[in-house]
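Structure file run.pdb with PDB, C-alpha atoms:
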```pdb
MODEL        1
ATOM      1  CA  MET X 165      20.589  21.685  -6.261
ATOM      2  CA  ILE X 166      21.348  18.509  -4.317
ATOM      3  CA  PRO X 167      21.004  19.169  -0.563
ATOM      4  CA  ASP X 168      23.653  18.293   1.964
ATOM      5  CA  TYR X 169      21.144  18.303   4.822
ATOM      6  CA  LEU X 170      17.592  17.147   5.412
ATOM      7  CA  VAL X 171      16.339  19.162   8.354
ATOM      8  CA  THR X 172      13.380  18.266  10.536
ATOM      9  CA  HIS X 173      12.522  18.987  14.146
ATOM     10  CA  SER X 174      14.157  17.456  17.203
ATOM     11  CA  GLY X 175      12.311  15.799  20.080
ATOM     12  CA  GLY X 176       9.470  13.347  19.657
ATOM     13  CA  PHE X 177       8.698  12.097  16.174
ATOM     14  CA  HIS X 178       5.570  11.340  14.196
ATOM     15  CA  ALA X 179       4.627   9.504  11.036
ATOM     16  CA  ASP X 180       4.654  12.588   8.813
ATOM     17  CA  GLU X 181       8.316  13.549   9.180
ATOM     18  CA  LEU X 182       9.398   9.898   9.294
ATOM     19  CA  LEU X 183       7.689   9.150   5.981
ATOM     20  CA  SER X 184       8.947  12.436   4.520
ATOM     21  CA  SER X 185      12.432  11.322   5.506
ATOM     22  CA  VAL X 186      11.903   8.015   3.696
ATOM     23  CA  VAL X 187      11.151   9.847   0.447
ATOM     24  CA  LEU X 188      13.939  12.383   0.778
ATOM     25  CA  THR X 189      16.674   9.957   1.798
ATOM     26  CA  ARG X 190      15.852   7.818  -1.243
ATOM     27  CA  LEU X 191      16.288  10.832  -3.497
ATOM     28  CA  PHE X 192      19.268  12.283  -1.656
ATOM     29  CA  PRO X 193      21.083   9.336  -0.063
ATOM     30  CA  ASN X 194      24.213  11.327   0.744
ATOM     31  CA  ALA X 195      22.356  14.065   2.617
ATOM     32  CA  ARG X 196      22.521  13.994   6.417
ATOM     33  CA  ILE X 197      19.338  14.143   8.484
ATOM     34  CA  VAL X 198      19.557  16.924  11.065
ATOM     35  CA  ARG X 199      16.925  17.000  13.774
ATOM     36  CA  SER X 200      16.924  20.480  15.283
ATOM     37  CA  ARG X 201      14.775  23.474  16.178
ATOM     38  CA  SER X 202      17.737  25.846  16.161
ATOM     39  CA  SER X 203      17.269  28.878  13.914
ATOM     40  CA  GLU X 204      20.624  28.216  12.269
ATOM     41  CA  TRP X 205      19.199  24.957  10.913
ATOM     42  CA  ILE X 206      15.529  25.756  10.289
ATOM     43  CA  THR X 207      16.264  28.839   8.205
ATOM     44  CA  PRO X 208      16.160  28.136   4.453
ATOM     45  CA  ALA X 209      19.500  27.860   2.670
ATOM     46  CA  SER X 210      20.763  26.373  -0.573
ATOM     47  CA  ASP X 211      22.310  23.353   1.155
ATOM     48  CA  ARG X 212      19.157  21.969   2.789
ATOM     49  CA  ILE X 213      15.548  20.844   2.620
ATOM     50  CA  ILE X 214      13.512  21.705   5.725
ATOM     51  CA  TYR X 215      10.305  19.877   6.615
ATOM     52  CA  ASP X 216       7.813  19.738   9.498
ATOM     53  CA  VAL X 217       9.543  22.676  11.153
ATOM     54  CA  GLY X 218      10.385  26.290  10.364
ATOM     55  CA  GLY X 219       6.965  27.908  10.245
ATOM     56  CA  ALA X 220       6.720  28.325   6.466
ATOM     57  CA  TYR X 221       5.794  26.577   3.246
ATOM     58  CA  ASP X 222       7.815  27.732   0.275
ATOM     59  CA  ALA X 223       8.675  25.072  -2.274
ATOM     60  CA  GLU X 224      11.216  27.281  -4.050
ATOM     61  CA  ALA X 225      13.054  27.883  -0.779
ATOM     62  CA  ARG X 226      12.636  24.159   0.013
ATOM     63  CA  ILE X 227      10.861  24.561   3.318
ATOM     64  CA  PHE X 228       7.769  22.446   3.943
ATOM     65  CA  ASP X 229       6.081  23.155   7.271
ATOM     66  CA  HIS X 230       2.366  23.067   8.066
ATOM     67  CA  HIS X 231       2.135  24.299  11.658
ATOM     68  CA  GLN X 232       1.928  28.034  10.912
ATOM     69  CA  ARG X 233      -1.124  30.259  10.498
ATOM     70  CA  GLY X 234      -2.324  30.074   6.931
ATOM     71  CA  ALA X 235      -0.981  26.530   6.655
ATOM     72  CA  PRO X 236      -1.321  24.959   3.197
ATOM     73  CA  LEU X 237      -4.511  23.160   2.267
ATOM     74  CA  ARG X 238      -5.386  20.769  -0.531
ATOM     75  CA  GLU X 239      -7.719  21.933  -3.268
ATOM     76  CA  ASP X 240     -10.618  20.360  -1.384
ATOM     77  CA  GLY X 241      -9.711  22.222   1.805
ATOM     78  CA  GLN X 242      -8.196  19.291   3.666
ATOM     79  CA  PRO X 243      -4.927  20.004   5.482
ATOM     80  CA  TYR X 244      -1.460  18.921   4.464
ATOM     81  CA  SER X 245       1.124  17.551   6.838
ATOM     82  CA  SER X 246       4.791  17.701   5.919
ATOM     83  CA  PHE X 247       4.401  14.273   4.314
ATOM     84  CA  GLY X 248       1.667  15.503   1.996
ATOM     85  CA  LEU X 249       3.796  18.475   0.976
ATOM     86  CA  ILE X 250       6.904  16.383   0.385
ATOM     87  CA  TRP X 251       4.864  13.845  -1.590
ATOM     88  CA  LYS X 252       3.317  16.625  -3.669
ATOM     89  CA  HIS X 253       6.702  18.024  -4.676
ATOM     90  CA  TYR X 254       9.001  14.987  -4.556
ATOM     91  CA  GLY X 255       6.703  11.973  -4.852
ATOM     92  CA  ARG X 256       6.947  11.657  -8.623
ATOM     93  CA  ASP X 257      10.737  11.783  -8.499
ATOM     94  CA  TYR X 258      10.666   9.178  -5.759
ATOM     95  CA  LEU X 259       8.533   6.855  -7.881
ATOM     96  CA  ALA X 260      10.865   7.319 -10.843
ATOM     97  CA  ALA X 261      13.802   6.491  -8.574
ATOM     98  CA  THR X 262      12.143   3.191  -7.643
ATOM     99  CA  GLY X 263      12.135   2.209 -11.311
ATOM    100  CA  LEU X 264       8.386   2.628 -11.840
ATOM    101  CA  PRO X 265       7.617   2.988 -15.562
ATOM    102  CA  GLU X 266       6.897   6.583 -16.539
ATOM    103  CA  ALA X 267       3.460   5.614 -17.833
ATOM    104  CA  HIS X 268       2.443   4.480 -14.341
ATOM    105  CA  ILE X 269       3.857   7.351 -12.294
ATOM    106  CA  GLU X 270       0.823   9.644 -12.302
ATOM    107  CA  THR X 271      -1.564   6.804 -11.505
ATOM    108  CA  VAL X 272       0.518   5.502  -8.594
ATOM    109  CA  HIS X 273       1.271   9.016  -7.336
ATOM    110  CA  ALA X 274      -2.408   9.950  -7.178
ATOM    111  CA  GLY X 275      -3.552   6.622  -5.780
ATOM    112  CA  PHE X 276      -0.894   6.601  -3.072
ATOM    113  CA  ASP X 277      -1.717  10.183  -2.154
ATOM    114  CA  ALA X 278      -5.386   9.355  -1.671
ATOM    115  CA  SER X 279      -5.002   6.026   0.105
ATOM    116  CA  PHE X 280      -1.840   6.457   2.184
ATOM    117  CA  VAL X 281      -0.649  10.076   2.327
ATOM    118  CA  LEU X 282      -3.978  11.795   3.005
ATOM    119  CA  PRO X 283      -4.811   9.704   6.101
ATOM    120  CA  ILE X 284      -1.363  10.551   7.528
ATOM    121  CA  ASP X 285      -2.013  14.238   6.812
ATOM    122  CA  LEU X 286      -5.431  14.167   8.463
ATOM    123  CA  MET X 287      -4.276  12.324  11.564
ATOM    124  CA  ASP X 288      -1.230  14.543  12.035
ATOM    125  CA  ASN X 289      -3.405  17.656  11.870
ATOM    126  CA  GLY X 290      -6.031  16.275  14.229
ATOM    127  CA  ALA X 291      -8.604  16.280  11.427
ATOM    128  CA  MET X 292      -9.116  12.539  11.891
ATOM    129  CA  SER X 293      -8.627  10.380  14.957
ATOM    130  CA  PRO X 294      -7.154   6.886  14.967
ATOM    131  CA  SER X 295     -10.297   5.964  16.889
ATOM    132  CA  VAL X 296     -12.187   5.767  13.581
ATOM    133  CA  ALA X 297     -10.434   2.412  13.186
ATOM    134  CA  GLY X 298     -12.245   1.147  16.278
ATOM    135  CA  PRO X 299     -10.473  -1.739  18.048
ATOM    136  CA  LEU X 300      -7.763  -1.609  15.362
ATOM    137  CA  ALA X 301      -6.806   1.983  16.253
ATOM    138  CA  VAL X 302      -3.662   0.884  18.087
ATOM    139  CA  LEU X 303      -2.549  -0.962  14.950
ATOM    140  CA  THR X 304      -2.680   2.028  12.587
ATOM    141  CA  LEU X 305       0.714   2.965  11.169
ATOM    142  CA  PRO X 306       0.967   6.438  12.793
ATOM    143  CA  VAL X 307       0.216   4.972  16.218
ATOM    144  CA  LEU X 308       2.621   2.075  15.766
ATOM    145  CA  LEU X 309       5.445   4.381  14.676
ATOM    146  CA  GLU X 310       4.921   6.604  17.702
ATOM    147  CA  THR X 311       5.131   3.610  20.031
ATOM    148  CA  LEU X 312       8.794   3.381  19.010
ATOM    149  CA  LYS X 313       9.592   6.586  20.881
ATOM    150  CA  PRO X 314      11.572   6.126  24.114
ATOM    151  CA  VAL X 315       9.597   5.938  27.338
ATOM    152  CA  PHE X 316       9.343   9.150  29.350
ATOM    153  CA  ASP X 317      11.965   8.214  31.951
ATOM    154  CA  ASP X 318      14.644   6.953  29.577
ATOM    155  CA  THR X 319      17.579   9.183  30.507
ATOM    156  CA  ASP X 320      19.884   8.119  27.701
ATOM    157  CA  PRO X 321      20.632  11.353  25.766
ATOM    158  CA  GLU X 322      20.916   9.366  22.530
ATOM    159  CA  ALA X 323      17.663   7.465  23.006
ATOM    160  CA  LEU X 324      15.535   9.723  20.818
ATOM    161  CA  GLU X 325      17.985   9.807  17.933
ATOM    162  CA  ARG X 326      18.441   6.065  18.086
ATOM    163  CA  ALA X 327      14.666   5.527  18.198
ATOM    164  CA  PHE X 328      14.182   7.884  15.245
ATOM    165  CA  GLY X 329      16.628   5.839  13.196
ATOM    166  CA  GLU X 330      14.901   2.593  14.099
ATOM    167  CA  ALA X 331      11.458   4.045  13.331
ATOM    168  CA  LEU X 332      12.747   5.420  10.029
ATOM    169  CA  ALA X 333      13.805   1.942   8.913
ATOM    170  CA  ILE X 334      10.372   0.546   9.751
ATOM    171  CA  ALA X 335       8.564   3.439   8.057
ATOM    172  CA  ARG X 336      10.721   2.847   4.979
ATOM    173  CA  SER X 337       9.738  -0.814   4.819
ATOM    174  CA  PHE X 338       6.023   0.008   4.892
ATOM    175  CA  LEU X 339       6.194   2.824   2.358
ATOM    176  CA  GLU X 340       8.346   0.846  -0.057
ATOM    177  CA  ALA X 341       6.121  -2.222   0.275
ATOM    178  CA  LYS X 342       3.010  -0.151  -0.414
ATOM    179  CA  ILE X 343       4.570   1.423  -3.499
ATOM    180  CA  ALA X 344       5.806  -1.951  -4.715
ATOM    181  CA  GLY X 345       2.316  -3.353  -4.268
ATOM    182  CA  SER X 346       0.755  -0.496  -6.222
ATOM    183  CA  ALA X 347       3.243  -0.960  -9.037
ATOM    184  CA  ALA X 348       2.633  -4.711  -9.063
ATOM    185  CA  LYS X 349      -1.124  -4.169  -9.205
ATOM    186  CA  LEU X 350      -0.726  -2.160 -12.399
ATOM    187  CA  ARG X 351       1.483  -4.843 -13.921
ATOM    188  CA  ALA X 352      -1.101  -7.438 -12.953
ATOM    189  CA  GLU X 353      -3.874  -5.363 -14.472
ATOM    190  CA  ASP X 354      -2.244  -5.533 -17.896
ATOM    191  CA  ILE X 355      -1.976  -9.331 -17.628
ATOM    192  CA  VAL X 356      -5.540  -9.776 -16.355
ATOM    193  CA  LEU X 357      -7.094  -7.540 -19.008
ATOM    194  CA  LYS X 358      -5.322  -9.527 -21.708
ATOM    195  CA  ALA X 359      -6.508 -12.793 -20.180
ATOM    196  CA  VAL X 360     -10.086 -11.499 -19.959
ATOM    197  CA  ALA X 361     -10.025 -10.598 -23.640
ATOM    198  CA  GLU X 362      -8.720 -14.062 -24.506
ATOM    199  CA  ALA X 363     -11.334 -15.762 -22.305
ATOM    200  CA  GLY X 364     -14.217 -14.275 -24.255
ATOM    201  CA  GLU X 365     -17.538 -15.400 -22.811
ATOM    202  CA  ALA X 366     -16.050 -18.180 -20.689
ATOM    203  CA  ARG X 367     -17.104 -18.200 -17.048
ATOM    204  CA  VAL X 368     -13.628 -19.115 -15.824
ATOM    205  CA  LEU X 369     -10.583 -16.867 -16.154
ATOM    206  CA  GLU X 370      -7.202 -18.612 -16.325
ATOM    207  CA  LEU X 371      -4.159 -16.591 -15.237
ATOM    208  CA  PRO X 372      -0.499 -17.565 -15.586
ATOM    209  CA  MET X 373       0.172 -17.087 -11.859
ATOM    210  CA  GLY X 374      -1.424 -15.773  -8.704
ATOM    211  CA  MET X 375      -1.913 -11.994  -8.827
ATOM    212  CA  PRO X 376      -4.394  -9.255  -7.883
ATOM    213  CA  PHE X 377      -7.268  -9.608 -10.335
ATOM    214  CA  ARG X 378     -10.565  -8.270  -8.987
ATOM    215  CA  SER X 379     -10.105  -4.586  -9.878
ATOM    216  CA  ALA X 380      -9.021  -5.465 -13.409
ATOM    217  CA  VAL X 381     -11.976  -7.835 -13.835
ATOM    218  CA  MET X 382     -14.284  -5.038 -12.700
ATOM    219  CA  LYS X 383     -12.568  -2.569 -15.025
ATOM    220  CA  SER X 384     -13.004  -4.943 -17.954
ATOM    221  CA  GLY X 385     -16.759  -5.161 -17.396
ATOM    222  CA  ALA X 386     -16.578  -8.958 -17.564
ATOM    223  CA  ASP X 387     -19.537  -9.506 -15.246
ATOM    224  CA  HIS X 388     -20.021 -13.017 -16.599
ATOM    225  CA  LEU X 389     -16.813 -14.305 -15.001
ATOM    226  CA  LEU X 390     -17.410 -16.405 -11.887
ATOM    227  CA  PHE X 391     -14.089 -18.038 -11.020
ATOM    228  CA  VAL X 392     -10.346 -17.660 -11.531
ATOM    229  CA  VAL X 393      -7.794 -20.458 -11.827
ATOM    230  CA  HIS X 394      -4.007 -20.179 -11.725
ATOM    231  CA  PRO X 395      -0.958 -22.296 -10.931
ATOM    232  CA  ARG X 396       0.745 -22.107  -7.564
ATOM    233  CA  ASP X 397       4.089 -23.516  -6.453
ATOM    234  CA  LYS X 398       3.100 -27.192  -6.557
ATOM    235  CA  ASP X 399      -0.601 -27.203  -7.410
ATOM    236  CA  TRP X 400      -3.420 -25.171  -8.980
ATOM    237  CA  CYS X 401      -5.845 -22.790  -7.318
ATOM    238  CA  LEU X 402      -9.551 -22.156  -7.972
ATOM    239  CA  THR X 403     -10.972 -19.032  -6.375
ATOM    240  CA  GLY X 404     -14.151 -16.987  -6.433
ATOM    241  CA  ILE X 405     -14.464 -13.337  -7.433
ATOM    242  CA  ARG X 406     -15.739 -10.869  -4.847
ATOM    243  CA  ARG X 407     -18.689  -8.728  -5.855
ATOM    244  CA  ALA X 408     -17.326  -5.525  -4.314
ATOM    245  CA  ASP X 409     -14.327  -4.029  -2.529
ATOM    246  CA  GLU X 410     -16.237  -4.087   0.740
ATOM    247  CA  GLY X 411     -17.363  -7.386   2.190
ATOM    248  CA  PHE X 412     -16.675 -10.941   1.135
ATOM    249  CA  GLU X 413     -19.746 -11.845  -0.928
ATOM    250  CA  LEU X 414     -18.748 -13.717  -4.064
ATOM    251  CA  ARG X 415     -20.299 -13.761  -7.508
ATOM    252  CA  ALA X 416     -20.598 -17.503  -6.957
ATOM    253  CA  ASP X 417     -19.610 -19.819  -4.110
ATOM    254  CA  LEU X 418     -17.955 -23.160  -4.644
ATOM    255  CA  PRO X 419     -20.303 -26.149  -4.190
ATOM    256  CA  ALA X 420     -21.533 -26.677  -0.640
ATOM    257  CA  ALA X 421     -20.739 -30.389  -0.856
ATOM    258  CA  TRP X 422     -17.023 -29.551  -1.136
ATOM    259  CA  ALA X 423     -16.782 -27.351   1.952
ATOM    260  CA  GLY X 424     -13.935 -28.270   4.276
ATOM    261  CA  LEU X 425     -12.928 -31.437   2.394
ATOM    262  CA  THR X 426      -9.449 -32.523   1.347
ATOM    263  CA  ASN X 427      -7.786 -35.142  -0.853
ATOM    264  CA  GLY X 428      -9.741 -38.433  -1.126
ATOM    265  CA  ASP X 429     -12.854 -37.059   0.535
ATOM    266  CA  LEU X 430     -12.944 -34.122  -1.871
ATOM    267  CA  GLU X 431     -12.252 -36.360  -4.859
ATOM    268  CA  LYS X 432     -15.282 -38.451  -3.929
ATOM    269  CA  ALA X 433     -17.467 -35.391  -3.383
ATOM    270  CA  CYS X 434     -16.672 -33.745  -6.698
ATOM    271  CA  GLY X 435     -15.704 -36.746  -8.807
ATOM    272  CA  VAL X 436     -12.386 -35.214  -9.897
ATOM    273  CA  ASP X 437      -9.129 -37.103  -9.471
ATOM    274  CA  GLY X 438      -6.509 -34.715  -8.107
ATOM    275  CA  ALA X 439      -8.894 -32.460  -6.179
ATOM    276  CA  SER X 440      -7.016 -31.705  -2.968
ATOM    277  CA  PHE X 441      -8.642 -28.967  -0.891
ATOM    278  CA  CYS X 442     -11.698 -26.771  -0.502
ATOM    279  CA  HIS X 443     -11.917 -24.109   2.167
ATOM    280  CA  ASN X 444     -14.874 -24.391   4.491
ATOM    281  CA  GLY X 445     -15.815 -20.852   3.425
ATOM    282  CA  ARG X 446     -16.133 -22.092  -0.196
ATOM    283  CA  PHE X 447     -14.131 -19.227  -1.681
ATOM    284  CA  ILE X 448     -10.988 -21.142  -2.613
ATOM    285  CA  ALA X 449     -10.074 -24.680  -3.619
ATOM    286  CA  ALA X 450      -7.019 -26.464  -4.950
ATOM    287  CA  ALA X 451      -6.107 -29.352  -7.206
ATOM    288  CA  LYS X 452      -2.914 -31.172  -8.100
ATOM    289  CA  THR X 453      -3.076 -30.501 -11.850
ATOM    290  CA  ARG X 454      -4.415 -27.985 -14.359
ATOM    291  CA  ASP X 455      -6.840 -30.535 -15.800
ATOM    292  CA  ALA X 456      -8.202 -31.276 -12.340
ATOM    293  CA  VAL X 457      -8.694 -27.643 -11.374
ATOM    294  CA  LEU X 458     -10.411 -26.861 -14.687
ATOM    295  CA  ALA X 459     -12.728 -29.841 -14.147
ATOM    296  CA  MET X 460     -13.576 -28.532 -10.674
ATOM    297  CA  ALA X 461     -14.181 -25.065 -12.110
ATOM    298  CA  GLU X 462     -16.562 -26.485 -14.719
ATOM    299  CA  ILE X 463     -18.566 -28.265 -12.038
ATOM    300  CA  ALA X 464     -18.657 -25.131  -9.882
ATOM    301  CA  VAL X 465     -19.873 -23.042 -12.813
ATOM    302  CA  LYS X 466     -22.653 -25.476 -13.691
ATOM    303  CA  GLU X 467     -23.911 -25.516 -10.102
ATOM    304  CA  ALA X 468     -23.699 -21.734  -9.765
ATOM    305  CA  VAL X 469     -25.596 -21.167 -13.015
ATOM    306  CA  ALA X 470     -28.218 -23.760 -12.128
ATOM    307  CA  THR X 471     -28.914 -22.180  -8.757
ATOM    308  CA  ALA X 472     -28.707 -18.555  -9.842
TER     309      ALA X 472
ENDMDL
END
```
Could you render the structure from this file as structure tokens?
Amino acid sequence: MIPDYLVTHSGGFHADELLSSVVLTRLFPNARIVRSRSSEWITPASDRIIYDVGGAYDAEARIFDHHQRGAPLREDGQPYSSFGLIWKHYGRDYLAATGLPEAHIETVHAGFDASFVLPIDLMDNGAMSPSVAGPLAVLTLPVLLETLKPVFDDTDPEALERAFGEALAIARSFLEAKIAGSAAKLRAEDIVLKAVAEAGEARVLELPMGMPFRSAVMKSGADHLLFVVHPRDKDWCLTGIRRADEGFELRADLPAAWAGLTNGDLEKACGVDGASFCHNGRFIAAAKTRDAVLAMAEIAVKEAVATA
């Protein structure tokens, strides 16, 4: 049954009910968000979904709280917040509503749960502190969303509701961007795996455009690949492949003689007409044409193999 109301608690807000609201308002755009702790609203009924308030978790009754004794836990014993519960029950429908192909829904649902939802759950339950992010703690999404709450001495009676609406829009932009990125990564994976197969034993992988490629290269087992080339808006890019998700070590660096050079200086250093840029960190370079970037890639491969 389509709800008329999406009910969460009044007062200060946190990332879990904001992100839950993002999911639910996408699925039920005509439902009105009601922020209340009144028993008339936080009691289950056929016209509403209740989350982060109400003292119960009952999916059939459509109430999803996690503050009560005996609060719901994941299979591994880690706690849910309201966001985790809403994602568990409505996340797949949300992904379908975004137009994600059915074949990708389970993969994106599980990956998003592990990488985005679980940290929100842990932080909301006090099972993890933002301080684990060190100096970046103040830049974590839950902390940033809470900074949008009115200051303590704002006497405007509408300040909290207005702030909730503003925070909801920002939370929506982050969640939707993350989902879009996950979906795009899967689309890219299909393209990269095909390109890897076509490349055979070549050391350079050519892609039709810039896209995420490292995870697909790793998945393919193509350990022989050293560099990737692809067209950009007005030129071509040559980039290294990182060895692992953590850190910036590459399978092979671009030649040291190219570091920090541009245009004529780079052309002289590498002997390739059309070479236009090499980052001082030697992880990315550019050229004006496909022929030029492939020539640079060939030189880079020869040097990397010779010094391996």
Using all atoms listed in the file, find each residue in range 276-369 of chain X having at least one atom no more than 12 Å away from range 384-397 of chain X; report its shortest atom-to-atom pair and that distance in Å (one decimal), rows by chain then rising number, as JSON lines.
```
{"residue": "X:Glu353", "atom": "CA", "partner": "X:Ser384", "partner_atom": "CA", "distance": 9.8}
{"residue": "X:Asp354", "atom": "CA", "partner": "X:Ser384", "partner_atom": "CA", "distance": 10.8}
{"residue": "X:Ile355", "atom": "CA", "partner": "X:Ser384", "partner_atom": "CA", "distance": 11.9}
{"residue": "X:Val356", "atom": "CA", "partner": "X:Ser384", "partner_atom": "CA", "distance": 9.0}
{"residue": "X:Leu357", "atom": "CA", "partner": "X:Ser384", "partner_atom": "CA", "distance": 6.5}
{"residue": "X:Lys358", "atom": "CA", "partner": "X:Ser384", "partner_atom": "CA", "distance": 9.7}
{"residue": "X:Ala359", "atom": "CA", "partner": "X:Ser384", "partner_atom": "CA", "distance": 10.4}
{"residue": "X:Val360", "atom": "CA", "partner": "X:Ala386", "partner_atom": "CA", "distance": 7.4}
{"residue": "X:Ala361", "atom": "CA", "partner": "X:Ser384", "partner_atom": "CA", "distance": 8.6}
{"residue": "X:Glu362", "atom": "CA", "partner": "X:Ala386", "partner_atom": "CA", "distance": 11.7}
{"residue": "X:Ala363", "atom": "CA", "partner": "X:Leu389", "partner_atom": "CA", "distance": 9.2}
{"residue": "X:Gly364", "atom": "CA", "partner": "X:Ala386", "partner_atom": "CA", "distance": 8.9}
{"residue": "X:Glu365", "atom": "CA", "partner": "X:His388", "partner_atom": "CA", "distance": 7.1}
{"residue": "X:Ala366", "atom": "CA", "partner": "X:Leu389", "partner_atom": "CA", "distance": 6.9}
{"residue": "X:Arg367", "atom": "CA", "partner": "X:Leu389", "partner_atom": "CA", "distance": 4.4}
{"residue": "X:Val368", "atom": "CA", "partner": "X:Phe391", "partner_atom": "CA", "distance": 4.9}
{"residue": "X:Leu369", "atom": "CA", "partner": "X:Val392", "partner_atom": "CA", "distance": 4.7}
```
Cut-off 8 Å around (6.8, 14.0, 1.0) with all atoms listed in the file: residues as number ranges by chain: X: 183-185, 187-188, 246-255
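Near Pro294 in chain X, within a cut-off of 10 Å and counting all atoms listed in the file, sit the residues Pro283, Leu286, Met287, Gly290, Ala297, Gly298, Pro299, Leu300, Ala301, Val302, Leu303, Thr304, Leu305, Pro306 and Val307 of chain X, with same-chain residues fewer than 3 positions away left out.
CA of Gly329 in chain X sits 9.2 Å away from CA of Leu182 in chain X.
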Residues matched by the PyMOL selection byres ((chain X and resi 400) around 12), written as a ChimeraX atom specification: /X:370-374,392-399,401-403,438-442,448-461
Selection under test: the PyMOL selection byres ((chain X and resi 325) around 12); residues as number ranges by chain: X: 173-177, 197-200, 312-314, 320-324, 326-332
CA of Pro243 in chain X to CA of Glu224 in chain X, distance in Å rounded to a single decimal: 20.1 Å
Between CA of Gly275 in chain X and CA of Leu350 in chain X - distance in Å to one decimal: 11.4 Å
